[in-house]
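Listing of work_6.txt; format and content: compact mmCIF, C-alpha atoms.
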# COMPACT_ATOMS: atom_id res chain seq x y z
CA GLU A 23 21.69 6.80 -19.49
CA ASP A 24 18.85 7.03 -16.99
CA GLN A 25 19.70 9.34 -14.12
CA VAL A 26 18.14 10.85 -11.02
CA THR A 27 19.66 13.82 -9.16
CA GLN A 28 18.41 15.18 -5.87
CA SER A 29 19.22 18.54 -4.33
CA PRO A 30 20.21 19.76 -1.90
CA GLU A 31 22.14 16.88 -0.33
CA ALA A 32 21.26 18.21 3.12
CA LEU A 33 18.81 20.80 4.36
CA ARG A 34 18.53 22.28 7.80
CA LEU A 35 15.31 24.12 8.69
CA GLN A 36 13.83 25.72 11.74
CA GLU A 37 10.46 24.38 12.79
CA GLY A 38 7.82 26.18 10.74
CA GLU A 39 10.24 27.23 7.99
CA SER A 40 8.80 25.97 4.68
CA SER A 41 11.06 24.78 1.86
CA SER A 42 11.28 22.48 -1.17
CA LEU A 43 13.38 19.49 -2.17
CA ASN A 44 14.21 18.88 -5.82
CA CYS A 45 14.44 15.71 -7.88
CA SER A 46 15.52 16.07 -11.52
CA TYR A 47 15.53 13.09 -13.84
CA THR A 48 16.51 11.97 -17.30
CA VAL A 49 14.81 8.76 -18.39
CA SER A 50 13.55 7.44 -21.69
CA GLY A 51 9.91 8.08 -20.88
CA LEU A 52 8.46 8.14 -17.36
CA ARG A 53 6.18 5.44 -16.02
CA GLY A 54 6.16 6.89 -12.53
CA LEU A 55 8.05 9.04 -10.04
CA PHE A 56 8.10 7.94 -6.43
CA TRP A 57 8.95 9.73 -3.19
CA TYR A 58 10.07 7.79 -0.15
CA ARG A 59 11.00 8.79 3.37
CA GLN A 60 13.81 6.94 5.13
CA ASP A 61 14.47 7.17 8.86
CA PRO A 62 17.85 6.09 10.28
CA GLY A 63 18.13 2.32 10.54
CA LYS A 64 14.90 1.70 8.63
CA GLY A 65 13.82 0.88 5.12
CA PRO A 66 12.40 3.50 2.74
CA GLU A 67 8.74 4.25 3.45
CA PHE A 68 6.50 5.04 0.50
CA LEU A 69 5.01 8.55 0.36
CA PHE A 70 3.74 9.41 -3.14
CA THR A 71 3.56 8.28 -6.74
CA LEU A 72 3.24 10.80 -9.58
CA TYR A 73 2.56 9.64 -13.13
CA SER A 74 2.25 12.69 -15.38
CA ALA A 75 3.38 16.30 -15.62
CA GLY A 76 1.12 18.65 -13.72
CA GLU A 77 0.09 16.05 -11.18
CA GLU A 78 0.17 16.92 -7.48
CA LYS A 79 -0.22 14.80 -4.36
CA GLU A 80 -0.52 15.93 -0.74
CA LYS A 81 -0.10 14.28 2.63
CA GLU A 82 -0.16 16.32 5.80
CA ARG A 83 2.65 18.90 5.49
CA LEU A 84 4.05 17.36 2.30
CA LYS A 85 3.09 18.16 -1.28
CA ALA A 86 4.72 16.57 -4.31
CA THR A 87 4.57 18.06 -7.80
CA LEU A 88 5.81 16.85 -11.17
CA THR A 89 6.98 18.49 -14.38
CA LYS A 90 8.49 16.87 -17.46
CA LYS A 91 12.00 17.05 -16.06
CA GLU A 92 11.73 17.34 -12.29
CA SER A 93 9.69 16.88 -9.18
CA PHE A 94 9.47 18.96 -6.05
CA LEU A 95 8.63 17.90 -2.54
CA HIS A 96 7.29 20.94 -0.74
CA ILE A 97 7.34 20.89 3.04
CA THR A 98 5.02 23.41 4.68
CA ALA A 99 5.61 24.46 8.29
CA PRO A 100 7.80 21.41 9.04
CA LYS A 101 8.06 19.83 12.46
CA PRO A 102 11.04 18.03 14.01
CA GLU A 103 9.35 14.69 13.28
CA ASP A 104 9.68 15.45 9.55
CA SER A 105 13.45 15.03 9.92
CA ALA A 106 14.51 12.14 7.68
CA THR A 107 16.16 11.41 4.36
CA TYR A 108 13.81 11.86 1.42
CA LEU A 109 14.46 9.67 -1.60
CA CYS A 110 13.18 10.10 -5.11
CA ALA A 111 12.94 7.23 -7.60
CA VAL A 112 11.85 7.04 -11.22
CA ARG A 113 10.48 4.15 -13.21
CA PRO A 114 11.20 4.33 -16.95
CA ALA A 115 8.55 3.57 -19.55
CA ASP A 116 10.76 1.26 -21.58
CA TYR A 117 11.48 -2.45 -21.16
CA ASN A 118 13.19 -1.64 -17.86
CA PHE A 119 9.86 -0.53 -16.37
CA ASN A 120 10.28 -2.81 -13.36
CA LYS A 121 13.50 -1.07 -12.35
CA PHE A 122 13.47 1.90 -10.02
CA TYR A 123 16.33 4.38 -10.33
CA PHE A 124 16.95 6.11 -7.02
CA GLY A 125 18.52 9.46 -6.30
CA SER A 126 21.03 9.84 -3.50
CA GLY A 127 18.49 11.56 -1.24
CA THR A 128 18.10 14.81 0.67
CA LYS A 129 18.76 14.64 4.38
CA LEU A 130 16.33 16.98 6.13
CA ASN A 131 16.92 18.18 9.68
CA VAL A 132 14.18 20.25 11.32
CA LYS A 133 15.23 22.02 14.51
CA PRO A 134 12.66 22.94 17.16
CA ASP B 16 -0.34 -6.92 6.76
CA ALA B 17 3.09 -7.73 8.20
CA GLY B 18 4.96 -5.97 5.41
CA VAL B 19 8.21 -7.23 3.94
CA ILE B 20 10.16 -9.29 6.47
CA GLN B 21 13.93 -9.60 6.39
CA SER B 22 16.32 -11.62 8.50
CA PRO B 23 18.71 -11.29 10.11
CA ARG B 24 18.49 -7.59 10.92
CA HIS B 25 22.19 -7.41 11.67
CA GLU B 26 25.02 -9.67 10.58
CA VAL B 27 28.68 -9.47 11.51
CA THR B 28 31.00 -11.93 9.84
CA GLU B 29 34.62 -12.39 8.92
CA MET B 30 36.05 -12.07 5.47
CA GLY B 31 35.75 -15.31 3.52
CA GLN B 32 32.64 -16.54 5.29
CA GLU B 33 29.36 -17.27 3.54
CA VAL B 34 26.49 -14.91 4.28
CA THR B 35 22.82 -15.63 3.59
CA LEU B 36 20.18 -12.94 3.78
CA ARG B 37 16.50 -13.82 3.79
CA CYS B 38 13.34 -12.09 2.66
CA LYS B 39 9.62 -12.77 2.87
CA PRO B 40 7.65 -10.49 0.53
CA ILE B 41 4.20 -9.10 1.20
CA SER B 42 1.58 -11.79 0.63
CA GLY B 43 0.13 -11.56 -2.87
CA HIS B 44 3.06 -9.62 -4.33
CA ASN B 45 4.73 -11.33 -7.24
CA SER B 46 7.73 -9.07 -7.87
CA LEU B 47 10.70 -9.06 -5.52
CA PHE B 48 13.74 -6.80 -5.54
CA TRP B 49 17.10 -6.90 -3.73
CA TYR B 50 18.88 -3.58 -3.16
CA ARG B 51 22.14 -2.57 -1.53
CA GLN B 52 22.59 0.80 0.17
CA THR B 53 25.90 2.45 0.98
CA MET B 54 26.87 6.02 1.77
CA MET B 55 28.99 6.21 -1.37
CA ARG B 56 26.61 4.71 -3.92
CA GLY B 57 23.15 5.12 -2.38
CA LEU B 58 20.49 2.54 -3.23
CA GLU B 59 21.48 0.13 -5.98
CA LEU B 60 19.25 -2.53 -7.48
CA LEU B 61 21.01 -5.90 -7.44
CA ILE B 62 18.43 -8.25 -8.91
CA TYR B 63 14.68 -8.62 -9.30
CA PHE B 64 12.27 -11.50 -9.74
CA ASN B 65 8.85 -11.73 -11.34
CA ASN B 66 6.77 -14.76 -10.38
CA ASN B 67 9.86 -16.34 -8.75
CA VAL B 68 11.91 -16.04 -11.96
CA PRO B 69 15.03 -13.83 -12.03
CA ILE B 70 14.46 -11.15 -14.67
CA ASP B 71 17.47 -8.84 -14.39
CA ASP B 72 20.60 -9.56 -12.40
CA SER B 73 22.77 -6.95 -14.09
CA GLY B 74 23.23 -5.17 -10.78
CA MET B 75 24.82 -8.16 -9.04
CA PRO B 76 28.38 -6.96 -8.47
CA GLU B 77 30.26 -10.23 -8.83
CA ASP B 78 29.87 -13.98 -9.09
CA ARG B 79 30.26 -14.11 -5.33
CA PHE B 80 26.66 -12.88 -5.15
CA SER B 81 23.72 -15.15 -5.92
CA ALA B 82 19.98 -14.94 -5.31
CA LYS B 83 17.18 -17.44 -5.37
CA MET B 84 13.44 -17.39 -5.03
CA PRO B 85 12.26 -20.99 -4.57
CA ASN B 86 8.63 -19.94 -3.98
CA ALA B 87 6.40 -16.87 -3.86
CA SER B 88 6.98 -16.27 -0.15
CA PHE B 89 10.74 -16.61 0.23
CA SER B 90 13.96 -15.34 -1.31
CA THR B 91 17.62 -15.48 -0.36
CA LEU B 92 20.65 -13.41 -1.25
CA LYS B 93 23.93 -15.21 -0.71
CA ILE B 94 27.46 -13.85 -0.67
CA GLN B 95 30.25 -16.42 -0.85
CA PRO B 96 32.97 -15.63 0.01
CA SER B 97 32.24 -12.32 1.70
CA GLU B 98 34.64 -9.38 1.58
CA PRO B 99 34.87 -6.17 3.68
CA ARG B 100 33.65 -4.09 0.70
CA ASP B 101 30.36 -5.99 0.85
CA SER B 102 29.54 -4.19 4.10
CA ALA B 103 26.29 -2.33 3.50
CA VAL B 104 22.59 -2.41 4.26
CA TYR B 105 20.71 -4.86 2.06
CA PHE B 106 17.05 -4.22 1.42
CA CYS B 107 14.38 -6.44 -0.01
CA ALA B 108 11.29 -4.88 -1.62
CA SER B 109 8.16 -6.33 -3.19
CA SER B 110 5.35 -5.18 -5.42
CA LEU B 111 2.48 -6.41 -7.54
CA LYS B 112 3.26 -6.78 -11.22
CA ALA B 113 -0.26 -6.55 -12.55
CA THR B 114 0.25 -3.46 -14.73
CA GLY B 115 3.81 -2.32 -14.09
CA PHE B 116 2.71 0.82 -12.27
CA GLU B 117 2.77 -0.59 -8.77
CA THR B 118 4.77 0.80 -5.87
CA GLN B 119 7.65 -1.08 -4.29
CA TYR B 120 7.43 -1.64 -0.53
CA PHE B 121 10.65 -2.07 1.38
CA GLY B 122 11.64 -4.27 4.29
CA PRO B 123 13.63 -3.01 7.30
CA GLY B 124 16.93 -4.13 5.83
CA THR B 125 19.85 -6.30 6.93
CA ARG B 126 22.91 -4.40 8.11
CA LEU B 127 25.95 -6.45 7.09
CA LEU B 128 29.43 -5.88 8.43
CA VAL B 129 32.28 -7.96 7.03
CA LEU B 130 35.46 -7.75 9.08
What does the file become when written as structure tokens?
Amino acid sequence: EDQVTQSPEALRLQEGESSSLNCSYTVSGLRGLFWYRQDPGKGPEFLFTLYSAGEEKEKERLKATLTKKESFLHITAPKPEDSATYLCAVRPADYNFNKFYFGSGTKLNVKP
Amino acid sequence: DAGVIQSPRHEVTEMGQEVTLRCKPISGHNSLFWYRQTMMRGLELLIYFNNNVPIDDSGMPEDRFSAKMPNASFSTLKIQPSEPRDSAVYFCASSLKATGFETQYFGPGTRLLVL
């Protein structure tokens, strides 16, 4: 069964304290792995798509990496405005390729 | 681009009432997805459409739920009759379906409370 697990569930950082969020997945082939940011009361906002192991994407203080079984979202020198829930989703390569399987998210809180 | 538009943004209703949620996808997108988000179960895919045709409704929890997409710019999700356990945030998302690698873009959601 296709599955996506995110850890930790919650993460509290001081401003400037770098860390990483993890997304591990088990799908029958990967067509894409997606990272979203969700602020309270809003819909998920697209951040990155990764397609193959070894790929990396960067945006400001965020860097996403992908291996064959997991992805990491590295946050360098975070600021309070980076506080949000970060969601990971995978798209399988089989006939269900239009379905995204979401993890339960990591709630990040960055204190000034 | 206006992004995905959903209405209403908030809905409070009583158990047994009919609820209709509405979605306008991004112009030019031909895949549309309805999700439900709760604290307990996270984001769950309910149903998705390609070119206005329902492709997979295996996530629809019960026959009380139905969805339609009469044209490329409008979709509805209906719950009849509603129950308190239907309380959740319902999201609509859209994407292109040209190659199957496209990203899904989400609307702001409808927060539903069934009393």
Spatial sel., origin (18.8, 21.5, 8.6), limit 8 Å, all atoms listed in the file, listed as a list in words: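 Output of the proximity query reads Ala32, Leu33, Arg34, Leu35, Gln36, Leu130, Asn131, Val132 and Lys133 of chain A.
Counting only C-alpha atoms and comparing B:Asn66, B:Ser81, B:Ser109, B:Ser73, the residue that lies closest to Lys93 (chain B) is B:Ser81.
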Kindly assemble as a Markdown table a list of the chain B residues that lie within 12 Å of chain A, each paired with its nearest atom pair and their distance in Å to one decimal, using only C-alpha atoms, sorted first by chain and then by ascending residue number.
| residue | atom | partner | partner_atom | distance |
| --- | --- | --- | --- | --- |
| B:Gly18 | CA | A:Glu67 | CA | 11.1 |
| B:Val19 | CA | A:Gly65 | CA | 9.9 |
| B:Ile20 | CA | A:Gly65 | CA | 10.9 |
| B:Gln21 | CA | A:Gly65 | CA | 10.6 |
| B:Arg24 | CA | A:Gly63 | CA | 9.9 |
| B:His25 | CA | A:Gly63 | CA | 10.6 |
| B:Asn45 | CA | A:Asn120 | CA | 11.9 |
| B:Ser46 | CA | A:Asn120 | CA | 8.7 |
| B:Leu47 | CA | A:Asn120 | CA | 10.0 |
| B:Phe48 | CA | A:Lys121 | CA | 8.9 |
| B:Trp49 | CA | A:Lys121 | CA | 11.0 |
| B:Tyr50 | CA | A:Phe122 | CA | 10.3 |
| B:Arg51 | CA | A:Gly65 | CA | 11.2 |
| B:Gln52 | CA | A:Ser126 | CA | 9.9 |
| B:Thr53 | CA | A:Ser126 | CA | 9.9 |
| B:Met54 | CA | A:Ser126 | CA | 8.7 |
| B:Met55 | CA | A:Ser126 | CA | 9.0 |
| B:Arg56 | CA | A:Ser126 | CA | 7.6 |
| B:Gly57 | CA | A:Ser126 | CA | 5.3 |
| B:Leu58 | CA | A:Phe124 | CA | 6.3 |
| B:Glu59 | CA | A:Phe124 | CA | 7.6 |
| B:Leu60 | CA | A:Lys121 | CA | 7.7 |
| B:Leu61 | CA | A:Lys121 | CA | 10.2 |
| B:Ile62 | CA | A:Lys121 | CA | 9.4 |
| B:Tyr63 | CA | A:Lys121 | CA | 8.2 |
| B:Phe64 | CA | A:Asn120 | CA | 9.6 |
| B:Asn65 | CA | A:Asn120 | CA | 9.3 |
| B:Ile70 | CA | A:Asn120 | CA | 9.4 |
| B:Asp71 | CA | A:Lys121 | CA | 9.0 |
| B:Asp72 | CA | A:Lys121 | CA | 11.1 |
| B:Ser73 | CA | A:Lys121 | CA | 11.1 |
| B:Gly74 | CA | A:Lys121 | CA | 10.7 |
| B:Ala103 | CA | A:Gly63 | CA | 11.7 |
| B:Val104 | CA | A:Gly63 | CA | 9.0 |
| B:Tyr105 | CA | A:Gly65 | CA | 9.5 |
| B:Phe106 | CA | A:Gly65 | CA | 7.1 |
| B:Cys107 | CA | A:Gly65 | CA | 9.0 |
| B:Ala108 | CA | A:Gly65 | CA | 9.2 |
| B:Ser109 | CA | A:Asn120 | CA | 11.0 |
| B:Ser110 | CA | A:Asn120 | CA | 9.6 |
| B:Leu111 | CA | A:Asn120 | CA | 10.4 |
| B:Lys112 | CA | A:Asn120 | CA | 8.3 |
| B:Ala113 | CA | A:Asn120 | CA | 11.2 |
| B:Thr114 | CA | A:Asn120 | CA | 10.1 |
| B:Gly115 | CA | A:Asn120 | CA | 6.5 |
| B:Phe116 | CA | A:Arg53 | CA | 6.9 |
| B:Glu117 | CA | A:Gly54 | CA | 9.0 |
| B:Thr118 | CA | A:Thr71 | CA | 7.6 |
| B:Gln119 | CA | A:Phe68 | CA | 7.9 |
| B:Tyr120 | CA | A:Phe68 | CA | 6.8 |
| B:Phe121 | CA | A:Gly65 | CA | 5.7 |
| B:Gly122 | CA | A:Gly65 | CA | 5.7 |
| B:Pro123 | CA | A:Gly65 | CA | 4.5 |
| B:Gly124 | CA | A:Gly65 | CA | 5.9 |
| B:Thr125 | CA | A:Gly63 | CA | 9.5 |
| B:Arg126 | CA | A:Gly63 | CA | 8.6 |
How far is it from CA of Arg37 (chain B) to CA of Pro114 (chain A), in Å with one decimal?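 Straight-line distance from CA of Arg37 (chain B) to CA of Pro114 (chain A) works out to 28.1 Å.
Separating CA of Ser46 (chain A) from CA of Pro30 (chain A) is a distance of 11.3 Å.
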For a cut-off of 10 Å around (9.8, 26.6, 11.3), file coordinates, pick out all residues using only C-alpha atoms and list them as a list in words.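 The requested residues, written out, are Leu35, Gln36, Glu37, Gly38, Glu39, Ser40, Ser41, Thr98, Ala99, Pro100, Lys101, Pro102, Val132, Lys133 and Pro134 of chain A.
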